[in-house]
There are 2 protein chains.
Amino acid sequence: MSPQPARPTQSQAPKAGKWPHNPPPPLPEGALRVVALGGIGEVGRNMTVFEFAGRLLIVDCGVLFPEDQQPGVDLILPDFSAIENRMADVDALVLTHGHEDHIGAVPFLLRLRPDLPVVGSRFTLALVAAKCKEHRLNPNLREVKEGDTTSYGEFDCEFFAVNHSIPDAIAVAIRTPAGVVLHTGDIKLDQLPLDGRLTDLAGFSRLGDEGVDLFLVDSTNAEVPGFVISEREIGPVLDSVIRRADQRVIVACFASHVHRVQQVLDVAVKHGRRVALVGRSMVRNMGIAADLGLLNVPAGLLVNIDEAMTMSDDQVLFVSTGSQGEPLSALSRMARGEHRQISIRPGDTIVLASSLIPGNENAVFGVINGLVRLGADVVHQGNAKVHVSGHAPAGELLFLYNAVRPSNVMPVHGEWRHLRANAALAVQTGVPADHVVIAEDGVIVDMVDGRAAISGRVEVGHVYVDGLSVGDVGESTLSDRLVLGEGGFISITVVVDSSTGRAVSPPTVSGRGFSDDPKALDGVVSLVEMELSHTESAGITDPHRIAQSVRRVVGRWVADTYRRRPMIVPTVIPV
Amino acid sequence: MSPQPARPTQSQAPKAGKWPHNPPPPLPEGALRVVALGGIGEVGRNMTVFEFAGRLLIVDCGVLFPEDQQPGVDLILPDFSAIENRMADVDALVLTHGHEDHIGAVPFLLRLRPDLPVVGSRFTLALVAAKCKEHRLNPNLREVKEGDTTSYGEFDCEFFAVNHSIPDAIAVAIRTPAGVVLHTGDIKLDQLPLDGRLTDLAGFSRLGDEGVDLFLVDSTNAEVPGFVISEREIGPVLDSVIRRADQRVIVACFASHVHRVQQVLDVAVKHGRRVALVGRSMVRNMGIAADLGLLNVPAGLLVNIDEAMTMSDDQVLFVSTGSQGEPLSALSRMARGEHRQISIRPGDTIVLASSLIPGNENAVFGVINGLVRLGADVVHQGNAKVHVSGHAPAGELLFLYNAVRPSNVMPVHGEWRHLRANAALAVQTGVPADHVVIAEDGVIVDMVDGRAAISGRVEVGHVYVDGLSVGDVGESTLSDRLVLGEGGFISITVVVDSSTGRAVSPPTVSGRGFSDDPKALDGVVSLVEMELSHTESAGITDPHRIAQSVRRVVGRWVADTYRRRPMIVPTVIPV
């Protein structure tokens, strides 16, 4: 491959409008285009679109969970607008595994094209089917397994087993005349996986021999040095914790972490405890896993909560959701002493066998403090080895790069700090720095003559789901929520004579989220009356102008008096 | 000491009203009472009140920084109400060190009694003096140093050097006829401290020989096993980072961490860089530290930002605040590309030489991502050893317990998980479990005949500072802010004939923080008109009842239509 001048960095990249309304540079014949509509520059809502010869292939379609700056939002979707007019061009949606950040937005994409072929492994598709059922959708599912080679229109796909914190995860190689692309999905390299299903490093090596032109690599743990210990090392830790428990034991973990739950079940059996699953998603997913033979549940082991409550404390174990401190989860209710059935007693043992997702610290520590305050012993990753990550850290990523020996690299799945760290690893293994493309959401990467480079950008916004609606909550609403959440509002309602602008009754002033002091706004009525007499004498009758004047004087007053910035909401009603 | 039946746990403790309005059980003659008004069950606003023979001694008076559940709040103060009518009984306020969570509320306490003797070491009092100046207060400062023994009314105090992440920290032993109390303040056991000022373990051992009846111990790191490496080990790491930097270097750390800054200055000198201090508190505190001889600043080393901006990139180093991702800090502005003077360029080096306080993760990672996106290399405790904690972890706490050999222990400074971990360490060193008292804010601990036990409880609320006001923002306002922040509001204003209840004009409906869609509330006007015709025909003229009806129908409509819960704000104006 011939050398090429340094590409523009992302921030220098040309700003394009929405694709295809304001189309990006044309894709040269025989070239492959890659655009992430989510998941690069953030952790979540992974969705990458590949284009070749006018046809599209999508890998993953997940959701992102909102942060503090997105109050009231339930979910954030990838921005489909760049492809919504091209859904007929999509040959398939390939799902690498069944986590929400990879499949959560599938029902929303299927609303645009219900018959879209949805490709994935057995467990992944079972989770998608369950999700689609809730949305009353009947998806067109196409099951594949590792080792399969299948064509979807222009795209020849080959699937590889990868190891992650959910069973049946796959990586996908995409062959087009433009070259070979390998997308890892989420990946780690547990060398002694619980189910014996290794990440297919041998397959990656074979593909590397063939020549991988573009390698999209999970960046989540690229900043973390070294290696992850094996999932199976969690079992003995759980064993030692549960062995010494002489009362109730509650283990919280992710509802899709089948191997973690398997180890809990095995330990429960060993110590003569029956198991109750707590939480709708835990019950559902473990049912699916057991049906598919991915979870081994000895007959008679499971009991429901009501049965469990009648059993002796040392003969029962609960496996629960709520490991991220979700306020409505069973575990949070227990920590607040508000769970309908389970009340925590001194000496109970609670294990958080889970990661602590950044942003959830206060919620999780709040749950731990609540449980500890009730007298429970709480075991968590801060004081025991009860969790290992599902993502390859730096040491394992080096193995991947050295097996695949890619010509071009595109770090995916991560914030900027992760992408940069991953890019540095690629360079350390010998990939030329100018063949490593950091392309956040919306940045167009074209692979032309075996060389990947940024060629433009499409607009990729945040699409918010709030309650039943998708997309009507936008940045303006969120910005209002942030103002209201910080300072509340003061509303001033005045009824004016429409012909003279004269107030026909005293202003009605009230505040919410402003002060507990009933006299806090005592000064406002006379202030507004004075302003209204000014606007009246100035001959102002336009309600909008009167409202502006009221907003201005009240805003100034509250800033001077309180040094606060509530929203000022004047309503002027002409009669 | 004779054995005693297990004390009631905190949650079983009798609930008392405010003290002294609803007085707690009388304190037996010769007994000592201890009540924390802040700092136990939380990290921050440390304040402990000791009572003997009708007189009071206070140790520390700090602030707590708000979390998500306290939106718009600037600071949280200890609840002074239990002592506000007894300020004349206070013999002194002893400050263990100058961190905000130990001194931040001093100006607010001094408003209750301006001449209160404020006792502390030189650096602590200098910081208090600067703070009081901003509040236009002239405090009655009484300087002490380690080794001093001084009486304040009924309380004989002895001060011990302790090592922490700020210079000049002290522990205090309080002697009364009821016994000897030792309060560590914040403490660690750096065995090679940068200033050679060791935690006085020898003094603690001597006090232990004498007999310590009650030991109040910093719990912050009790969950963390082992030992903290020495502060001086940060220097070589900074050296290696700054040595390889060939452009600008910015080091962010806490504005009171004099020893950390000292090491940065030393490395800057070594590599021929001049230093600019960025951030008001950084400039102020380092000025004080230099004046007191605690910070060694070679002549000519410091430059101001304007001078620094004229210098070659490899000859300057900035020491900045903003290490916790505070949105208005210089560092956050740089990360957003909004700093007035300093714009980050590819290849700049930024070091976050600081802890990551739980709850600040998203803010700090946001800053790191912003800097990385601009091309900077960001060094932080996640990828280099550029921070050590100022609090003793478990291994060091064991040294403390074994030196002091206390009869009774009361873990302080921490959430429940920390307090419990600290209590367990005390028990491991041989303190009987029923002599370890976990007493969160407001729980009254009486030491009678050498035995500490819970005897009651005073109400301790959260006192919020928001702008210029203290205390007018309470739980009701915060709860409104949370609702508004999640869902915004819909306001409906109707003007009715006061005698008939008939609407005299169409309802005015508007929403803020509800939707970006201008048609989102299109259904509401007719809904409200219909409801008003119902109330009118039912003969309802009371504006309050009409408002309730409007709130109900609109609330139900929005729940059905959107599955959201904005605040519904009806205003009914009778004319």
# chains A, B, ... in the order shown; residues from 1 in each chain; ligands from 1
$ select_by_dssp --residues "region 95-128 of chain B" --states "helix (DSSP H, G or I)" --output "JSON, numbers by chain"
{"B": [100, 101, 102, 103, 106, 107, 108, 109, 110, 122, 123, 124, 125, 126, 127, 128]}
$ residues_around --residues "region 318-335 of chain B" --least-positions-apart "6" --cutoff "9 Å" --atoms "only C-alpha atoms" --output "PDB file with C-alpha atoms, in the first residue's frame"
ATOM      1  CA  ARG B 248       3.089  22.527  27.744  1.00  0.00           C
ATOM      2  CA  VAL B 249       2.450  20.702  31.009  1.00  0.00           C
ATOM      3  CA  ILE B 250      -0.578  21.305  33.201  1.00  0.00           C
ATOM      4  CA  VAL B 251      -0.791  19.614  36.590  1.00  0.00           C
ATOM      5  CA  ALA B 252      -4.150  19.700  38.347  1.00  0.00           C
ATOM      6  CA  CYS B 253      -4.453  18.906  42.039  1.00  0.00           C
ATOM      7  CA  PHE B 254      -6.275  20.028  45.162  1.00  0.00           C
ATOM      8  CA  ALA B 255      -5.608  23.656  46.025  1.00  0.00           C
ATOM      9  CA  VAL B 261       2.444  21.191  44.711  1.00  0.00           C
ATOM     10  CA  VAL B 264       5.511  19.695  41.152  1.00  0.00           C
ATOM     11  CA  LEU B 265       7.550  22.867  41.749  1.00  0.00           C
ATOM     12  CA  ARG B 274       8.624  28.317  35.129  1.00  0.00           C
ATOM     13  CA  VAL B 275       5.366  27.797  36.968  1.00  0.00           C
ATOM     14  CA  ALA B 276       2.027  29.608  36.692  1.00  0.00           C
ATOM     15  CA  LEU B 277      -0.624  28.932  39.337  1.00  0.00           C
ATOM     16  CA  VAL B 278      -4.136  28.786  37.888  1.00  0.00           C
ATOM     17  CA  GLY B 279      -7.302  29.136  39.969  1.00  0.00           C
ATOM     18  CA  ARG B 280      -8.150  31.555  42.750  1.00  0.00           C
ATOM     19  CA  SER B 281      -7.889  29.068  45.619  1.00  0.00           C
ATOM     20  CA  MET B 282      -4.618  27.661  44.292  1.00  0.00           C
ATOM     21  CA  ILE B 305      -0.607  33.283  33.252  1.00  0.00           C
ATOM     22  CA  ALA B 308       3.426  32.123  30.824  1.00  0.00           C
ATOM     23  CA  GLN B 341      -6.108  32.062  27.537  1.00  0.00           C
ATOM     24  CA  ILE B 342      -5.005  28.448  27.351  1.00  0.00           C
ATOM     25  CA  SER B 343      -6.002  26.304  24.373  1.00  0.00           C
ATOM     26  CA  ILE B 344      -4.928  22.693  24.471  1.00  0.00           C
ATOM     27  CA  LEU B 352      -4.494  14.922  37.201  1.00  0.00           C
ATOM     28  CA  ALA B 353      -2.488  14.449  40.399  1.00  0.00           C
ATOM     29  CA  SER B 354      -5.552  13.867  42.487  1.00  0.00           C
ATOM     30  CA  SER B 355      -8.082  11.399  43.796  1.00  0.00           C
ATOM     31  CA  LEU B 356     -11.367  10.736  42.053  1.00  0.00           C
ATOM     32  CA  ILE B 357     -14.054  11.495  44.619  1.00  0.00           C
ATOM     33  CA  ASN B 360     -17.341  12.916  40.250  1.00  0.00           C
ATOM     34  CA  GLU B 361     -16.457  10.104  37.838  1.00  0.00           C
ATOM     35  CA  ASN B 362     -18.512  11.297  34.909  1.00  0.00           C
ATOM     36  CA  ALA B 363     -17.326  14.875  35.304  1.00  0.00           C
ATOM     37  CA  VAL B 364     -13.670  13.862  35.553  1.00  0.00           C
ATOM     38  CA  PHE B 365     -13.891  11.365  32.685  1.00  0.00           C
ATOM     39  CA  GLY B 366     -15.650  14.066  30.677  1.00  0.00           C
ATOM     40  CA  VAL B 367     -12.681  16.379  31.229  1.00  0.00           C
ATOM     41  CA  ILE B 368     -10.209  13.626  30.360  1.00  0.00           C
ATOM     42  CA  ASN B 369     -12.111  12.769  27.166  1.00  0.00           C
ATOM     43  CA  GLY B 370     -12.271  16.428  26.180  1.00  0.00           C
ATOM     44  CA  LEU B 371      -8.523  16.857  26.668  1.00  0.00           C
ATOM     45  CA  VAL B 372      -7.697  13.597  24.856  1.00  0.00           C
ATOM     46  CA  ARG B 373      -9.992  14.573  21.984  1.00  0.00           C
ATOM     47  CA  LEU B 374      -7.966  17.777  21.618  1.00  0.00           C
TER      48      LEU B 374
END
$ interface_residues --of "chain B" --to "chain A" --cutoff "7 Å" --atoms "only C-alpha atoms" --output "count of residues only"
41
$ select_by_dssp --residues "region 367-511 of chain B" --states "strand (DSSP E or B)" --output "number ranges by chain"
B: 377-380, 393, 408-412, 414, 436, 443-448, 451-457, 463-466, 469-470, 489-496, 503, 508-511
$ write_last_selection --atoms "N, CA and C atoms" --output "short mmCIF file (atom, residue, chain, number, x, y, z; two decimals), in the first residue's frame"
data_model
loop_
_atom_site.label_atom_id
_atom_site.label_comp_id
_atom_site.auth_asym_id
_atom_site.auth_seq_id
_atom_site.Cartn_x
_atom_site.Cartn_y
_atom_site.Cartn_z
N ASP B 377 -1.99 14.41 25.96
CA ASP B 377 -1.73 13.19 26.72
C ASP B 377 -2.17 13.45 28.15
N VAL B 378 -3.07 12.62 28.64
CA VAL B 378 -3.59 12.84 29.98
C VAL B 378 -3.11 11.73 30.91
N VAL B 379 -2.42 12.14 31.96
CA VAL B 379 -1.90 11.20 32.96
C VAL B 379 -2.77 11.35 34.20
N HIS B 380 -3.30 10.25 34.70
CA HIS B 380 -4.16 10.32 35.88
C HIS B 380 -3.97 9.06 36.69
N PRO B 393 -5.44 3.49 55.36
CA PRO B 393 -6.19 2.27 55.07
C PRO B 393 -6.05 1.28 56.23
N ASN B 408 -12.94 2.21 74.47
CA ASN B 408 -14.13 2.33 73.64
C ASN B 408 -13.74 3.00 72.32
N VAL B 409 -14.42 2.62 71.27
CA VAL B 409 -14.08 3.15 69.95
C VAL B 409 -15.34 3.69 69.28
N MET B 410 -15.17 4.81 68.60
CA MET B 410 -16.28 5.39 67.86
C MET B 410 -15.75 5.78 66.48
N PRO B 411 -16.04 4.97 65.45
CA PRO B 411 -15.57 5.32 64.10
C PRO B 411 -16.23 6.62 63.64
N VAL B 412 -15.43 7.50 63.05
CA VAL B 412 -15.97 8.77 62.54
C VAL B 412 -15.55 8.93 61.08
N GLY B 414 -17.15 8.95 57.76
CA GLY B 414 -17.37 7.91 56.77
C GLY B 414 -18.83 7.56 56.62
N VAL B 436 -17.56 -0.93 70.83
CA VAL B 436 -17.39 -0.18 69.58
C VAL B 436 -18.76 0.39 69.20
N VAL B 443 -26.80 10.77 66.84
CA VAL B 443 -26.91 9.75 67.89
C VAL B 443 -26.08 10.19 69.09
N ILE B 444 -26.68 10.14 70.27
CA ILE B 444 -26.00 10.60 71.48
C ILE B 444 -25.25 9.45 72.12
N VAL B 445 -23.96 9.65 72.30
CA VAL B 445 -23.14 8.65 72.97
C VAL B 445 -22.70 9.23 74.31
N ASP B 446 -23.06 8.58 75.39
CA ASP B 446 -22.65 9.04 76.70
C ASP B 446 -21.59 8.10 77.24
N MET B 447 -20.51 8.72 77.78
CA MET B 447 -19.49 7.90 78.43
C MET B 447 -19.67 8.05 79.93
N VAL B 448 -20.13 6.95 80.54
CA VAL B 448 -20.45 6.94 81.97
C VAL B 448 -19.60 5.86 82.62
N ARG B 451 -17.50 3.84 80.23
CA ARG B 451 -18.15 3.00 79.23
C ARG B 451 -19.02 3.86 78.30
N ALA B 452 -18.73 3.78 77.02
CA ALA B 452 -19.46 4.58 76.05
C ALA B 452 -20.67 3.80 75.54
N ALA B 453 -21.83 4.44 75.51
CA ALA B 453 -23.05 3.77 75.04
C ALA B 453 -24.02 4.80 74.48
N ILE B 454 -24.83 4.33 73.57
CA ILE B 454 -25.84 5.21 72.96
C ILE B 454 -26.96 5.45 73.97
N SER B 455 -27.32 6.73 74.14
CA SER B 455 -28.37 7.03 75.11
C SER B 455 -29.56 7.75 74.49
N GLY B 456 -29.48 8.11 73.26
CA GLY B 456 -30.60 8.83 72.66
C GLY B 456 -30.22 9.38 71.31
N ARG B 457 -30.98 10.36 70.87
CA ARG B 457 -30.77 10.87 69.52
C ARG B 457 -31.33 12.28 69.44
N VAL B 463 -28.72 21.02 56.23
CA VAL B 463 -28.91 22.46 56.11
C VAL B 463 -28.23 22.89 54.82
N TYR B 464 -29.06 23.37 53.88
CA TYR B 464 -28.55 23.65 52.54
C TYR B 464 -28.23 25.13 52.35
N VAL B 465 -27.11 25.38 51.74
CA VAL B 465 -26.77 26.73 51.30
C VAL B 465 -27.01 26.77 49.79
N ASP B 466 -27.86 27.70 49.36
CA ASP B 466 -28.11 27.86 47.92
C ASP B 466 -28.03 29.36 47.65
N SER B 469 -28.68 32.30 50.54
CA SER B 469 -29.54 31.88 51.65
C SER B 469 -29.09 30.57 52.27
N VAL B 470 -29.29 30.50 53.58
CA VAL B 470 -29.01 29.28 54.31
C VAL B 470 -30.32 28.76 54.87
N PHE B 489 -42.44 20.80 33.44
CA PHE B 489 -43.79 21.06 33.94
C PHE B 489 -44.70 21.47 32.79
N ILE B 490 -45.98 21.31 33.06
CA ILE B 490 -47.02 21.81 32.16
C ILE B 490 -47.85 22.79 32.98
N SER B 491 -47.93 24.03 32.53
CA SER B 491 -48.75 25.00 33.27
C SER B 491 -50.03 25.27 32.50
N ILE B 492 -51.12 25.38 33.24
CA ILE B 492 -52.42 25.66 32.65
C ILE B 492 -53.00 26.84 33.43
N THR B 493 -53.22 27.93 32.74
CA THR B 493 -53.76 29.11 33.41
C THR B 493 -55.18 29.35 32.90
N VAL B 494 -56.11 29.46 33.82
CA VAL B 494 -57.48 29.76 33.42
C VAL B 494 -58.00 30.94 34.23
N VAL B 495 -58.72 31.80 33.55
CA VAL B 495 -59.35 32.94 34.21
C VAL B 495 -60.83 32.63 34.28
N VAL B 496 -61.39 32.65 35.49
CA VAL B 496 -62.81 32.30 35.65
C VAL B 496 -63.58 33.44 36.29
N ALA B 503 -65.25 29.92 32.68
CA ALA B 503 -64.02 30.42 32.06
C ALA B 503 -64.33 31.65 31.23
N THR B 508 -54.74 28.99 28.97
CA THR B 508 -53.37 29.15 28.44
C THR B 508 -52.56 27.94 28.89
N VAL B 509 -52.04 27.19 27.93
CA VAL B 509 -51.30 25.97 28.26
C VAL B 509 -49.87 26.10 27.76
N SER B 510 -48.91 25.84 28.62
CA SER B 510 -47.54 25.79 28.09
C SER B 510 -46.72 24.80 28.90
N GLY B 511 -45.70 24.29 28.26
CA GLY B 511 -44.83 23.33 28.93
C GLY B 511 -43.39 23.78 28.83
#
$ closest_residue --among "B:Gly211, B:Gly272, B:Pro570, B:Gly98" --to "Val404 (chain B)" --atoms "only C-alpha atoms"
B:Gly211
$ atom_distance --atom1 "CA of Thr150 (chain A)" --atom2 "CA of Val212 (chain A)"
18.1 Å
$ residues_around --residues "His391 (chain A)" --least-positions-apart "6" --cutoff "6 Å" --atoms "only C-alpha atoms" --output "PyMOL selection string"
chain A and resi 187-188+221
$ write_last_selection --atoms "N, CA and C atoms" --output "mmCIF file, in the first residue's frame"
data_model
loop_
_atom_site.group_PDB
_atom_site.id
_atom_site.type_symbol
_atom_site.label_atom_id
_atom_site.label_comp_id
_atom_site.auth_asym_id
_atom_site.auth_seq_id
_atom_site.Cartn_x
_atom_site.Cartn_y
_atom_site.Cartn_z
ATOM 1 N N ILE A 187 -15.191 -8.211 23.420
ATOM 2 C CA ILE A 187 -14.316 -9.390 23.382
ATOM 3 C C ILE A 187 -13.378 -9.415 24.571
ATOM 4 N N LYS A 188 -13.074 -10.616 25.048
ATOM 5 C CA LYS A 188 -11.900 -10.807 25.896
ATOM 6 C C LYS A 188 -11.308 -12.154 25.592
ATOM 7 N N ASN A 221 -11.504 -1.535 27.592
ATOM 8 C CA ASN A 221 -10.486 -1.671 28.640
ATOM 9 C C ASN A 221 -9.064 -1.396 28.146
#
$ residues_around --residues "region 157-170 of chain B" --least-positions-apart "2" --cutoff "9 Å" --atoms "only C-alpha atoms" --output "count of residues only"
53
$ residues_around --residues "Phe80 (chain B)" --least-positions-apart "3" --cutoff "9 Å" --atoms "only C-alpha atoms" --output "ChimeraX atom specification"
/B:37,77,83-84,109,460,463
$ atom_distance --atom1 "CA of Ser312 (chain B)" --atom2 "CA of Asp266 (chain B)"
19.4 Å
$ residues_around --residues "Ile234 (chain A)" --least-positions-apart "2" --cutoff "8 Å" --atoms "only C-alpha atoms" --output "CSV table (one decimal) with all heavy atoms, in the first residue's frame"
chain,number,residue,atom,x,y,z
A,230,SER,N,-9.5,-15.3,34.9
A,230,SER,CA,-10.6,-16.1,34.3
A,230,SER,C,-11.8,-16.0,35.1
A,230,SER,O,-11.8,-15.9,36.3
A,230,SER,CB,-10.1,-17.6,34.2
A,230,SER,OG,-11.2,-18.4,33.7
A,231,GLU,N,-13.0,-16.0,34.4
A,231,GLU,CA,-14.3,-16.0,35.0
A,231,GLU,C,-14.3,-17.1,36.1
A,231,GLU,O,-14.9,-17.0,37.1
A,231,GLU,CB,-15.4,-16.2,34.0
A,231,GLU,CG,-16.8,-16.4,34.5
A,231,GLU,CD,-17.4,-15.2,35.2
A,231,GLU,OE1,-17.0,-14.1,34.9
A,231,GLU,OE2,-18.2,-15.4,36.1
A,232,ARG,N,-13.7,-18.2,35.8
A,232,ARG,CA,-13.9,-19.4,36.7
A,232,ARG,C,-13.2,-19.2,38.1
A,232,ARG,O,-13.4,-19.9,39.0
A,232,ARG,CB,-13.3,-20.7,36.1
A,232,ARG,CG,-11.9,-20.8,35.8
A,232,ARG,CD,-11.5,-22.2,35.4
A,232,ARG,NE,-12.0,-22.5,34.1
A,232,ARG,CZ,-12.6,-23.7,33.8
A,232,ARG,NH1,-12.7,-24.6,34.7
A,232,ARG,NH2,-13.1,-23.9,32.6
A,236,PRO,N,-14.6,-20.0,43.3
A,236,PRO,CA,-14.0,-20.2,44.6
A,236,PRO,C,-14.2,-19.1,45.6
A,236,PRO,O,-14.4,-19.3,46.8
A,236,PRO,CB,-12.5,-20.5,44.4
A,236,PRO,CG,-12.5,-20.9,42.9
A,236,PRO,CD,-13.6,-20.2,42.2
A,237,VAL,N,-14.2,-17.8,45.1
A,237,VAL,CA,-14.4,-16.7,46.0
A,237,VAL,C,-15.9,-16.7,46.5
A,237,VAL,O,-16.2,-16.6,47.7
A,237,VAL,CB,-14.2,-15.4,45.3
A,237,VAL,CG1,-14.4,-14.2,46.2
A,237,VAL,CG2,-12.7,-15.3,44.7
A,238,LEU,N,-16.8,-17.0,45.5
A,238,LEU,CA,-18.2,-17.1,45.9
A,238,LEU,C,-18.4,-18.2,46.9
A,238,LEU,O,-19.1,-18.1,47.9
A,238,LEU,CB,-19.1,-17.4,44.7
A,238,LEU,CG,-19.3,-16.2,43.7
A,238,LEU,CD1,-20.0,-16.7,42.5
A,238,LEU,CD2,-20.0,-15.0,44.4
A,260,ARG,N,-21.8,-16.3,35.3
A,260,ARG,CA,-21.7,-15.8,36.7
A,260,ARG,C,-22.8,-16.5,37.5
A,260,ARG,O,-22.6,-17.1,38.6
A,260,ARG,CB,-21.8,-14.3,36.8
A,260,ARG,CG,-21.6,-13.6,38.1
A,260,ARG,CD,-20.1,-13.6,38.5
A,260,ARG,NE,-19.1,-13.3,37.5
A,260,ARG,CZ,-18.8,-12.0,37.2
A,260,ARG,NH1,-19.3,-11.0,37.8
A,260,ARG,NH2,-17.8,-11.8,36.3
A,263,GLN,N,-22.1,-20.2,38.2
A,263,GLN,CA,-21.2,-20.4,39.3
A,263,GLN,C,-21.9,-20.2,40.7
A,263,GLN,O,-21.7,-20.9,41.6
A,263,GLN,CB,-20.0,-19.5,39.2
A,263,GLN,CG,-19.2,-19.7,37.9
A,263,GLN,CD,-17.8,-19.1,38.0
A,263,GLN,OE1,-16.9,-19.8,38.4
A,263,GLN,NE2,-17.7,-17.9,37.5
A,385,LYS,N,-12.7,-10.5,45.3
A,385,LYS,CA,-12.6,-10.7,43.9
A,385,LYS,C,-13.9,-11.4,43.3
A,385,LYS,O,-13.9,-12.5,43.0
A,385,LYS,CB,-11.4,-11.5,43.6
A,385,LYS,CG,-10.9,-11.4,42.1
A,385,LYS,CD,-10.4,-10.1,41.7
A,385,LYS,CE,-10.5,-9.8,40.3
A,385,LYS,NZ,-10.3,-8.4,39.9
A,386,VAL,N,-15.0,-10.7,43.3
A,386,VAL,CA,-16.3,-11.2,42.9
A,386,VAL,C,-16.7,-10.8,41.6
A,386,VAL,O,-17.9,-10.9,41.2
A,386,VAL,CB,-17.4,-10.9,44.0
A,386,VAL,CG1,-17.1,-11.7,45.3
A,386,VAL,CG2,-17.4,-9.4,44.3
A,387,HIS,N,-15.8,-10.1,40.9
A,387,HIS,CA,-16.1,-9.7,39.5
A,387,HIS,C,-14.9,-9.7,38.6
A,387,HIS,O,-13.8,-9.3,39.1
A,387,HIS,CB,-16.8,-8.3,39.5
A,387,HIS,CG,-17.0,-7.8,38.1
A,387,HIS,ND1,-18.0,-8.3,37.3
A,387,HIS,CD2,-16.4,-6.8,37.4
A,387,HIS,CE1,-18.0,-7.7,36.1
A,387,HIS,NE2,-17.0,-6.7,36.2
A,388,VAL,N,-15.0,-10.1,37.4
A,388,VAL,CA,-14.0,-9.8,36.4
A,388,VAL,C,-14.7,-9.2,35.2
A,388,VAL,O,-15.8,-9.4,34.9
A,388,VAL,CB,-13.2,-11.1,35.9
A,388,VAL,CG1,-12.5,-11.7,37.1
A,388,VAL,CG2,-14.2,-12.1,35.3
$ residues_around --residues "Glu100 (chain B)" --least-positions-apart "5" --cutoff "8 Å" --atoms "only C-alpha atoms" --output "PyMOL selection string"
chain B and resi 62-63+105
$ write_last_selection --atoms "C-alpha atoms" --output "short mmCIF file (atom, residue, chain, number, x, y, z; two decimals), in the first residue's frame"
data_model
loop_
_atom_site.label_atom_id
_atom_site.label_comp_id
_atom_site.auth_asym_id
_atom_site.auth_seq_id
_atom_site.Cartn_x
_atom_site.Cartn_y
_atom_site.Cartn_z
CA GLY B 62 -16.95 21.48 57.85
CA VAL B 63 -19.17 21.40 54.79
CA ALA B 105 -18.87 25.84 57.93
#
$ closest_residue --among "A:Ala130, A:Leu194, A:Ile76, A:Val43" --to "Leu295 (chain A)" --atoms "only C-alpha atoms"
A:Leu194
$ atom_distance --atom1 "CA of Gly293 (chain B)" --atom2 "CA of Leu137 (chain B)"
25.6 Å
